[in-house]
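Visitor: Below is the file input-v8.cif, which contains mmCIF, C-alpha atoms.
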data_target
#
loop_
_atom_site.label_atom_id
_atom_site.label_comp_id
_atom_site.auth_asym_id
_atom_site.auth_seq_id
_atom_site.Cartn_x
_atom_site.Cartn_y
_atom_site.Cartn_z
CA MET O 1 -4.47 9.41 -9.43
CA ARG O 2 -5.04 13.01 -10.38
CA MET O 3 -2.35 15.01 -12.13
CA PHE O 4 -1.96 17.50 -9.26
CA SER O 5 -1.39 14.74 -6.72
CA ALA O 6 1.08 12.97 -9.00
CA ILE O 7 3.04 16.19 -9.32
CA ALA O 8 3.03 16.70 -5.56
CA ILE O 9 4.32 13.19 -4.99
CA ALA O 10 7.01 13.76 -7.60
CA VAL O 11 8.09 16.84 -5.67
CA VAL O 12 8.43 14.76 -2.50
CA ALA O 13 10.51 12.20 -4.40
CA ALA O 14 12.72 14.93 -5.80
CA LEU O 15 13.30 16.32 -2.31
CA LEU O 16 14.29 12.93 -0.96
CA GLY O 17 16.58 12.13 -3.85
CA GLY O 18 18.04 15.63 -3.93
CA LEU O 19 19.38 15.29 -0.42
CA TRP O 20 22.27 13.27 -1.78
CA TYR O 21 23.34 16.06 -4.10
CA MET O 22 23.38 18.57 -1.26
CA THR O 23 25.18 16.46 1.32
CA ALA O 24 27.16 13.58 -0.16
CA THR O 25 30.38 15.52 -0.56
CA LYS O 26 30.18 16.64 3.05
CA ASN O 27 29.59 13.19 4.52
CA SER O 28 32.47 11.05 3.34
CA GLY O 29 32.56 9.63 6.89
CA ASP O 30 28.95 8.46 6.69
CA ILE O 31 28.79 5.14 8.54
CA PHE O 32 25.84 4.07 6.38
CA ALA O 33 27.46 4.81 3.01
CA GLN O 34 27.66 1.13 2.05
CA CYS O 35 23.95 0.67 2.77
CA ARG O 36 22.51 3.59 0.86
CA VAL O 37 20.65 3.17 -2.41
CA ASN O 38 18.76 6.46 -2.47
CA GLY O 39 21.65 8.65 -1.34
CA VAL O 40 20.16 10.55 1.60
CA ALA O 41 23.26 11.13 3.72
CA GLY O 42 22.54 14.00 6.06
CA GLY O 43 18.81 13.63 5.46
CA ALA O 44 17.99 13.40 9.15
CA SER O 45 18.46 17.15 9.39
CA VAL O 46 15.79 17.71 6.72
CA ILE O 47 13.37 14.78 7.09
CA GLY O 48 11.89 13.47 10.32
CA GLY O 49 11.57 14.96 13.74
CA PRO O 50 9.39 14.99 16.83
CA PHE O 51 5.67 14.30 16.65
CA GLU O 52 2.75 13.82 19.02
CA LEU O 53 0.02 11.38 18.03
CA VAL O 54 -2.55 8.99 19.53
CA ASP O 55 -1.88 5.27 19.76
CA GLU O 56 -4.30 2.35 19.45
CA THR O 57 -5.32 2.59 23.10
CA GLY O 58 -6.24 6.27 22.82
CA LYS O 59 -3.12 7.40 24.66
CA THR O 60 -1.18 10.43 23.44
CA VAL O 61 2.38 9.42 22.59
CA THR O 62 5.46 11.08 21.15
CA ASP O 63 8.05 9.86 18.68
CA LYS O 64 10.33 8.96 21.59
CA ASP O 65 7.63 6.69 23.02
CA VAL O 66 7.23 4.64 19.83
CA ILE O 67 10.60 4.85 18.06
CA THR O 68 12.60 2.94 20.65
CA GLY O 69 14.48 0.80 18.14
CA PRO O 70 14.86 0.52 14.36
CA SER O 71 11.47 1.45 12.89
CA LEU O 72 9.76 1.51 9.51
CA LEU O 73 7.27 4.38 9.22
CA TYR O 74 4.50 4.46 6.64
CA PHE O 75 1.81 7.13 6.21
CA GLY O 76 -1.55 5.95 4.86
CA TYR O 77 -5.13 5.16 5.92
CA THR O 78 -7.18 2.09 6.78
CA PHE O 79 -9.89 2.71 4.15
CA CYS O 80 -7.24 2.64 1.39
CA PRO O 81 -8.45 0.04 -1.14
CA ASP O 82 -5.12 -1.34 -2.33
CA VAL O 83 -1.88 0.62 -1.93
CA CYS O 84 -1.76 0.84 1.87
CA PRO O 85 -2.58 -2.83 2.53
CA LEU O 86 0.01 -3.93 -0.02
CA ASP O 87 2.71 -1.60 1.28
CA ASN O 88 2.07 -2.45 4.92
CA THR O 89 2.08 -6.15 4.09
CA ARG O 90 5.44 -5.71 2.36
CA ASN O 91 6.79 -3.87 5.41
CA ALA O 92 5.45 -6.56 7.76
CA ASP O 93 7.02 -9.31 5.64
CA ALA O 94 10.37 -7.53 5.74
CA VAL O 95 10.11 -7.18 9.52
CA THR O 96 9.43 -10.91 9.82
CA LEU O 97 12.47 -11.73 7.68
CA LEU O 98 14.62 -9.47 9.85
CA GLU O 99 13.26 -11.04 13.02
CA GLU O 100 14.36 -14.45 11.72
CA GLN O 101 17.88 -12.95 11.57
CA GLY O 102 17.66 -11.73 15.16
CA LYS O 103 17.02 -8.11 14.16
CA ILE O 104 13.94 -6.53 15.75
CA VAL O 105 12.35 -3.76 13.69
CA THR O 106 9.04 -2.07 14.54
CA PRO O 107 6.57 -1.36 11.71
CA ILE O 108 4.63 1.86 12.35
CA PHE O 109 1.51 2.90 10.44
CA ILE O 110 0.58 6.58 10.75
CA SER O 111 -2.89 7.59 9.57
CA ILE O 112 -3.42 10.56 7.28
CA ASP O 113 -7.20 10.16 7.66
CA PRO O 114 -7.97 11.04 11.29
CA GLU O 115 -11.62 11.67 10.42
CA ARG O 116 -12.23 7.92 10.06
CA ASP O 117 -9.15 6.31 11.58
CA THR O 118 -10.02 6.02 15.24
CA PRO O 119 -7.64 4.20 17.60
CA GLN O 120 -9.93 1.16 17.33
CA ALA O 121 -9.80 1.22 13.52
CA MET O 122 -6.01 1.44 13.62
CA ALA O 123 -5.81 -1.47 16.09
CA GLU O 124 -7.99 -3.67 13.88
CA PHE O 125 -5.87 -2.87 10.81
CA THR O 126 -2.46 -3.34 12.43
CA ASP O 127 -3.48 -6.56 14.21
CA ILE O 128 -4.09 -8.09 10.79
CA MET O 129 -0.78 -6.86 9.41
CA HIS O 130 1.72 -7.76 12.14
CA PRO O 131 1.49 -8.41 15.90
CA ARG O 132 4.07 -5.71 16.62
CA MET O 133 2.82 -3.09 14.17
CA ILE O 134 1.97 0.18 15.91
CA GLY O 135 -0.95 2.24 14.62
CA LEU O 136 -1.00 5.99 15.22
CA THR O 137 -3.69 8.55 14.53
CA GLY O 138 -4.58 11.86 16.17
CA THR O 139 -6.21 15.19 15.60
CA PRO O 140 -6.00 16.73 12.12
CA GLU O 141 -3.40 19.13 13.50
CA GLN O 142 -1.28 16.35 14.99
CA VAL O 143 -1.42 14.30 11.80
CA LYS O 144 -0.51 17.30 9.66
CA ALA O 145 2.49 18.09 11.86
CA ALA O 146 3.79 14.51 11.66
CA SER O 147 3.29 14.46 7.90
CA GLN O 148 5.13 17.73 7.47
CA ALA O 149 8.01 16.48 9.60
CA TYR O 150 8.52 13.59 7.17
CA ARG O 151 7.75 15.68 4.08
CA THR O 152 4.84 13.46 3.05
CA TYR O 153 1.88 14.48 0.92
CA TYR O 154 -1.82 13.73 1.38
CA LYS O 155 -5.10 15.24 0.23
CA LYS O 156 -8.71 14.19 0.61
CA GLN O 157 -10.59 13.60 -2.64
CA GLU O 158 -13.72 15.71 -2.53
CA ASP O 159 -15.68 13.97 -5.29
CA GLY O 160 -17.83 10.88 -4.85
CA ASP O 161 -19.71 9.64 -1.79
CA PRO O 162 -18.61 11.72 1.23
CA ALA O 163 -18.72 8.63 3.45
CA TYR O 164 -16.43 6.62 1.18
CA TYR O 165 -13.91 9.21 0.06
CA LEU O 166 -10.38 8.31 -0.95
CA MET O 167 -7.11 10.00 -0.06
CA ASP O 168 -4.29 10.90 -2.42
CA HIS O 169 -0.98 10.39 -0.64
CA SER O 170 2.70 9.66 -1.04
CA THR O 171 3.80 6.06 -0.50
CA PHE O 172 7.34 6.07 0.85
CA THR O 173 8.41 3.97 3.82
CA TYR O 174 10.97 5.60 6.12
CA LEU O 175 13.67 3.83 8.11
CA VAL O 176 14.32 5.60 11.41
CA LEU O 177 16.96 4.70 13.98
CA PRO O 178 16.63 6.20 17.48
CA LYS O 179 20.18 7.55 17.67
CA TYR O 180 20.39 8.74 14.07
CA GLY O 181 16.84 9.67 13.09
CA PHE O 182 15.73 9.20 9.49
CA VAL O 183 18.38 7.35 7.46
CA GLU O 184 16.69 5.92 4.35
CA PHE O 185 13.43 5.65 2.43
CA PHE O 186 11.96 2.85 0.36
CA LYS O 187 9.79 3.05 -2.72
CA ARG O 188 6.88 0.76 -3.53
CA ASP O 189 8.85 -1.39 -5.96
CA VAL O 190 11.21 -2.67 -3.26
CA SER O 191 10.48 -6.30 -2.33
CA PRO O 192 10.35 -7.60 1.26
CA GLU O 193 13.65 -9.39 0.69
CA GLN O 194 15.34 -6.28 -0.66
CA MET O 195 13.98 -4.16 2.18
CA ALA O 196 15.12 -6.68 4.80
CA GLU O 197 18.61 -6.80 3.30
CA ARG O 198 18.97 -3.02 3.21
CA VAL O 199 17.49 -2.44 6.67
CA GLY O 200 19.77 -5.15 8.04
CA CYS O 201 22.75 -3.34 6.57
CA PHE O 202 21.80 -0.13 8.40
CA ILE O 203 21.29 -1.99 11.68
CA ASP O 204 24.66 -3.71 11.39
CA ALA O 205 26.41 -0.46 10.54
CA ALA O 206 24.83 1.28 13.53
CA ASP O 207 25.79 -1.59 15.85
CA ASN O 208 29.38 -1.59 14.59
CA ALA O 209 29.63 2.15 15.16
CA ASN O 210 28.60 1.90 18.82
#
For the structure just supplied, provide its representation as C-alpha cells.
Guide:
Amino acid sequence: MRMFSAIAIAVVAALLGGLWYMTATKNSGDIFAQCRVNGVAGGASVIGGPFELVDETGKTVTDKDVITGPSLLYFGYTFCPDVCPLDNTRNADAVTLLEEQGKIVTPIFISIDPERDTPQAMAEFTDIMHPRMIGLTGTPEQVKAASQAYRTYYKKQEDGDPAYYLMDHSTFTYLVLPKYGFVEFFKRDVSPEQMAERVGCFIDAADNAN
C-alpha cells in the first residue's frame, strides 16, 4: 500500500482512538463501558449518521431501512483481491457465532467502488459471504457521503490496467445499534470469536438498559 494511503488510514485510526480521550471523563455512566476495547464512548456524535444508498435489488434505501437491528458495517469493494473477502468472511463468521447464541446481527457491506459494483455484483458477493449480508452501492456522491459519515478513507489507484484497478481503503468494521448509533469499531486482527464476544456484550448491555 502506498505511503500516502497508509498515512490517511493512520489518521482515521487516530480519530477513532482519540474519541476516548475527548469523551471518557464525560461518560462515566456509559452503559457499554464494560464492553469497550477501543474506548469510543460518545463516538456516535462524531462517527456514523444517515446515508442513502442502493441495495442489491436496485432500490434506493436509507440507513433506517437497513440498520433495523445490531449491524456490522464494512466499507470495501467486490474486486478487492484479498482484504475485503477475508474481512467480510470474518464478519460473517462472527455473525454466525452470535446467531448460535440467539443474537441476530446483520452484516452490511458498503461498496467504495460504485463504478464497478452494480447491485448485481453486490448480490453475487454477499450471497457467497452470508445469506443475510446486505450489499449497498450507489452513485459516487452517495458512496462518498456514506464514507464521510463513518470517517472512512478510500482512493482509486490510477496506475495499471484501467479495467482492473485497485482501491486503497481503510479496513475497520463498525458496530451500529439502531437506538445508539455507532458504538464500537473492530480492526483486522480481531478474530471471529473475539468479535462475537464483544458484539454480544454490547447487545446484552443494550438489552439490559431497555
Visitor: If you take only C-alpha atoms and a cut-off of 10 Å, which residues of segment 64-123 of chain O touch segment 175-186 of chain O, and what are their nearest atom pairs and distances in Å to one decimal, in chain and number order, as JSON lines?
Guide:
{"residue": "O:Lys64", "atom": "CA", "partner": "O:Pro178", "partner_atom": "CA", "distance": 8.0}
{"residue": "O:Val66", "atom": "CA", "partner": "O:Pro178", "partner_atom": "CA", "distance": 9.8}
{"residue": "O:Ile67", "atom": "CA", "partner": "O:Pro178", "partner_atom": "CA", "distance": 6.2}
{"residue": "O:Thr68", "atom": "CA", "partner": "O:Pro178", "partner_atom": "CA", "distance": 6.1}
{"residue": "O:Gly69", "atom": "CA", "partner": "O:Pro178", "partner_atom": "CA", "distance": 5.8}
{"residue": "O:Pro70", "atom": "CA", "partner": "O:Leu177", "partner_atom": "CA", "distance": 4.7}
{"residue": "O:Ser71", "atom": "CA", "partner": "O:Val176", "partner_atom": "CA", "distance": 5.2}
{"residue": "O:Leu72", "atom": "CA", "partner": "O:Leu175", "partner_atom": "CA", "distance": 4.8}
{"residue": "O:Leu73", "atom": "CA", "partner": "O:Leu175", "partner_atom": "CA", "distance": 6.5}
{"residue": "O:Tyr74", "atom": "CA", "partner": "O:Leu175", "partner_atom": "CA", "distance": 9.3}
{"residue": "O:Asn91", "atom": "CA", "partner": "O:Phe186", "partner_atom": "CA", "distance": 9.9}
{"residue": "O:Val105", "atom": "CA", "partner": "O:Leu175", "partner_atom": "CA", "distance": 9.5}
{"residue": "O:Thr106", "atom": "CA", "partner": "O:Val176", "partner_atom": "CA", "distance": 9.8}
{"residue": "O:Pro107", "atom": "CA", "partner": "O:Leu175", "partner_atom": "CA", "distance": 9.5}
Visitor: On this structure, which residues satisfy the PyMOL selection byres ((chain O and resi 152) around 8), written as a list in words?
Guide: Val12, Phe75, Ser147, Gln148, Ala149, Tyr150, Arg151, Tyr153, Tyr154, His169 and Ser170 of chain O
Visitor: With distances taken over all atoms listed in the file, which residue among O:Met129, O:Tyr77, O:Met167, O:Cys35 lies nearest Ala94 of chain O?
Guide: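 Using all atoms listed in the file, Ala94 of chain O sits closest to O:Met129.
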Visitor: Nearest to Ser191 of chain O: which of O:Ile134, O:Ala33, O:Cys80, O:Leu86 is it, counting all atoms listed in the file?
Guide: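 Using all atoms listed in the file, Ser191 of chain O sits closest to O:Leu86.
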Visitor: Grab the atom CA of Ile108 of chain O to atom CA of Asp168 of chain O distance for me, in Å with one decimal place.
Guide: 19.5 Å
Visitor: Compute the distance from (29.1, 2.6, 15.8) to each atom, counting all atoms listed in the file, keep the residues with any atom at most 12 Å away, and return them as a list in words; use the coordinates of the file.
Guide: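 These residues have at least one counted atom within 12 Å: Gly29, Asp30, Ile31, Phe32, Lys179, Tyr180, Phe202, Ile203, Asp204, Ala205, Ala206, Asp207, Asn208, Ala209 and Asn210 of chain O.
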Visitor: Counting only C-alpha atoms, figure out which residue out of O:Lys156, O:Leu166, O:Glu124, O:His130 gets nearest to Arg90 of chain O.
Guide: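 Answer, going by the shortest atom-to-atom distance: O:His130.
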Visitor: Hey, which of O:Val61, O:Val46, O:Ile112, O:Ala196 ends up closest to Phe79 of chain O? Count all atoms listed in the file.
Guide: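 Smallest separation from Phe79 of chain O among the options: O:Ile112.
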Visitor: Care to translate the PyMOL selection byres ((chain O and resi 118) around 12) into actual residues of this file, as a compact mmCIF listing (two decimals) with C-alpha atoms, in the frame of the given file?
Guide:
# COMPACT_ATOMS: atom_id res chain seq x y z
CA LEU O 53 0.02 11.38 18.03
CA VAL O 54 -2.55 8.99 19.53
CA ASP O 55 -1.88 5.27 19.76
CA GLU O 56 -4.30 2.35 19.45
CA THR O 57 -5.32 2.59 23.10
CA GLY O 58 -6.24 6.27 22.82
CA LYS O 59 -3.12 7.40 24.66
CA TYR O 77 -5.13 5.16 5.92
CA THR O 78 -7.18 2.09 6.78
CA PHE O 79 -9.89 2.71 4.15
CA ILE O 110 0.58 6.58 10.75
CA SER O 111 -2.89 7.59 9.57
CA ILE O 112 -3.42 10.56 7.28
CA ASP O 113 -7.20 10.16 7.66
CA PRO O 114 -7.97 11.04 11.29
CA GLU O 115 -11.62 11.67 10.42
CA ARG O 116 -12.23 7.92 10.06
CA ASP O 117 -9.15 6.31 11.58
CA PRO O 119 -7.64 4.20 17.60
CA GLN O 120 -9.93 1.16 17.33
CA ALA O 121 -9.80 1.22 13.52
CA MET O 122 -6.01 1.44 13.62
CA ALA O 123 -5.81 -1.47 16.09
CA GLU O 124 -7.99 -3.67 13.88
CA PHE O 125 -5.87 -2.87 10.81
CA GLY O 135 -0.95 2.24 14.62
CA LEU O 136 -1.00 5.99 15.22
CA THR O 137 -3.69 8.55 14.53
CA GLY O 138 -4.58 11.86 16.17
CA THR O 139 -6.21 15.19 15.60
CA PRO O 140 -6.00 16.73 12.12
Visitor: At what distance in Å, to one decimal, does atom CA of Pro162 of chain O lie from atom CA of Asp87 of chain O?
Guide: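 Value for the atom CA of Asp87 of chain O-atom CA of Pro162 of chain O distance: 25.1 Å.
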Visitor: Hey, can you check how far atom CA of Thr171 of chain O sits from atom CA of Val190 of chain O?
Guide: 11.8 Å
Visitor: Kindly add N, CA and C atoms to the incomplete segment 128-153 of chain O and provide the output as a PDB file, keeping the file's coordinate frame.
Guide:
ATOM      1  N   ILE O 128      -4.076  -7.205  11.959  1.00  0.00           N
ATOM      2  CA  ILE O 128      -4.090  -8.090  10.790  1.00  0.00           C
ATOM      3  C   ILE O 128      -2.712  -8.129  10.138  1.00  0.00           C
ATOM      4  N   MET O 129      -2.042  -6.993  10.133  1.00  0.00           N
ATOM      5  CA  MET O 129      -0.780  -6.860   9.410  1.00  0.00           C
ATOM      6  C   MET O 129       0.395  -7.542  10.113  1.00  0.00           C
ATOM      7  N   HIS O 130       0.574  -7.219  11.403  1.00  0.00           N
ATOM      8  CA  HIS O 130       1.720  -7.760  12.140  1.00  0.00           C
ATOM      9  C   HIS O 130       1.457  -7.560  13.633  1.00  0.00           C
ATOM     10  N   PRO O 131       1.780  -8.538  14.463  1.00  0.00           N
ATOM     11  CA  PRO O 131       1.490  -8.410  15.900  1.00  0.00           C
ATOM     12  C   PRO O 131       2.222  -7.266  16.584  1.00  0.00           C
ATOM     13  N   ARG O 132       3.321  -6.812  16.002  1.00  0.00           N
ATOM     14  CA  ARG O 132       4.070  -5.710  16.620  1.00  0.00           C
ATOM     15  C   ARG O 132       3.888  -4.379  15.884  1.00  0.00           C
ATOM     16  N   MET O 133       3.025  -4.343  14.878  1.00  0.00           N
ATOM     17  CA  MET O 133       2.820  -3.090  14.170  1.00  0.00           C
ATOM     18  C   MET O 133       2.087  -2.093  15.065  1.00  0.00           C
ATOM     19  N   ILE O 134       2.569  -0.874  15.109  1.00  0.00           N
ATOM     20  CA  ILE O 134       1.970   0.180  15.910  1.00  0.00           C
ATOM     21  C   ILE O 134       1.154   1.095  15.001  1.00  0.00           C
ATOM     22  N   GLY O 135      -0.095   1.329  15.365  1.00  0.00           N
ATOM     23  CA  GLY O 135      -0.950   2.240  14.620  1.00  0.00           C
ATOM     24  C   GLY O 135      -1.080   3.568  15.350  1.00  0.00           C
ATOM     25  N   LEU O 136      -0.918   4.652  14.621  1.00  0.00           N
ATOM     26  CA  LEU O 136      -1.000   5.990  15.220  1.00  0.00           C
ATOM     27  C   LEU O 136      -1.958   6.861  14.431  1.00  0.00           C
ATOM     28  N   THR O 137      -2.799   7.580  15.142  1.00  0.00           N
ATOM     29  CA  THR O 137      -3.690   8.550  14.530  1.00  0.00           C
ATOM     30  C   THR O 137      -3.602   9.825  15.369  1.00  0.00           C
ATOM     31  N   GLY O 138      -4.637  10.639  15.376  1.00  0.00           N
ATOM     32  CA  GLY O 138      -4.580  11.860  16.170  1.00  0.00           C
ATOM     33  C   GLY O 138      -5.554  12.895  15.654  1.00  0.00           C
ATOM     34  N   THR O 139      -5.397  14.101  16.116  1.00  0.00           N
ATOM     35  CA  THR O 139      -6.210  15.190  15.600  1.00  0.00           C
ATOM     36  C   THR O 139      -5.693  15.572  14.221  1.00  0.00           C
ATOM     37  N   PRO O 140      -6.497  16.276  13.421  1.00  0.00           N
ATOM     38  CA  PRO O 140      -6.000  16.730  12.120  1.00  0.00           C
ATOM     39  C   PRO O 140      -4.703  17.532  12.249  1.00  0.00           C
ATOM     40  N   GLU O 141      -4.593  18.313  13.302  1.00  0.00           N
ATOM     41  CA  GLU O 141      -3.400  19.130  13.500  1.00  0.00           C
ATOM     42  C   GLU O 141      -2.183  18.258  13.824  1.00  0.00           C
ATOM     43  N   GLN O 142      -2.380  17.244  14.646  1.00  0.00           N
ATOM     44  CA  GLN O 142      -1.280  16.350  14.990  1.00  0.00           C
ATOM     45  C   GLN O 142      -0.799  15.562  13.773  1.00  0.00           C
ATOM     46  N   VAL O 143      -1.757  15.071  12.999  1.00  0.00           N
ATOM     47  CA  VAL O 143      -1.420  14.300  11.800  1.00  0.00           C
ATOM     48  C   VAL O 143      -0.692  15.176  10.789  1.00  0.00           C
ATOM     49  N   LYS O 144      -1.156  16.384  10.596  1.00  0.00           N
ATOM     50  CA  LYS O 144      -0.510  17.300   9.660  1.00  0.00           C
ATOM     51  C   LYS O 144       0.919  17.593  10.078  1.00  0.00           C
ATOM     52  N   ALA O 145       1.143  17.794  11.363  1.00  0.00           N
ATOM     53  CA  ALA O 145       2.490  18.090  11.860  1.00  0.00           C
ATOM     54  C   ALA O 145       3.428  16.919  11.630  1.00  0.00           C
ATOM     55  N   ALA O 146       2.955  15.694  11.884  1.00  0.00           N
ATOM     56  CA  ALA O 146       3.790  14.510  11.660  1.00  0.00           C
ATOM     57  C   ALA O 146       4.100  14.343  10.182  1.00  0.00           C
ATOM     58  N   SER O 147       3.099  14.555   9.343  1.00  0.00           N
ATOM     59  CA  SER O 147       3.290  14.460   7.900  1.00  0.00           C
ATOM     60  C   SER O 147       4.303  15.483   7.408  1.00  0.00           C
ATOM     61  N   GLN O 148       4.193  16.688   7.887  1.00  0.00           N
ATOM     62  CA  GLN O 148       5.130  17.730   7.470  1.00  0.00           C
ATOM     63  C   GLN O 148       6.540  17.427   7.926  1.00  0.00           C
ATOM     64  N   ALA O 149       6.687  16.822   9.093  1.00  0.00           N
ATOM     65  CA  ALA O 149       8.010  16.480   9.600  1.00  0.00           C
ATOM     66  C   ALA O 149       8.709  15.507   8.645  1.00  0.00           C
ATOM     67  N   TYR O 150       7.942  14.587   8.069  1.00  0.00           N
ATOM     68  CA  TYR O 150       8.520  13.590   7.170  1.00  0.00           C
ATOM     69  C   TYR O 150       8.319  13.935   5.696  1.00  0.00           C
ATOM     70  N   ARG O 151       7.885  15.166   5.447  1.00  0.00           N
ATOM     71  CA  ARG O 151       7.750  15.680   4.080  1.00  0.00           C
ATOM     72  C   ARG O 151       6.849  14.788   3.226  1.00  0.00           C
ATOM     73  N   THR O 152       5.767  14.269   3.826  1.00  0.00           N
ATOM     74  CA  THR O 152       4.840  13.460   3.050  1.00  0.00           C
ATOM     75  C   THR O 152       3.706  14.329   2.517  1.00  0.00           C
ATOM     76  N   TYR O 153       2.990  13.769   1.559  1.00  0.00           N
ATOM     77  CA  TYR O 153       1.880  14.480   0.920  1.00  0.00           C
ATOM     78  C   TYR O 153       0.594  13.685   1.104  1.00  0.00           C
TER      79      TYR O 153
END
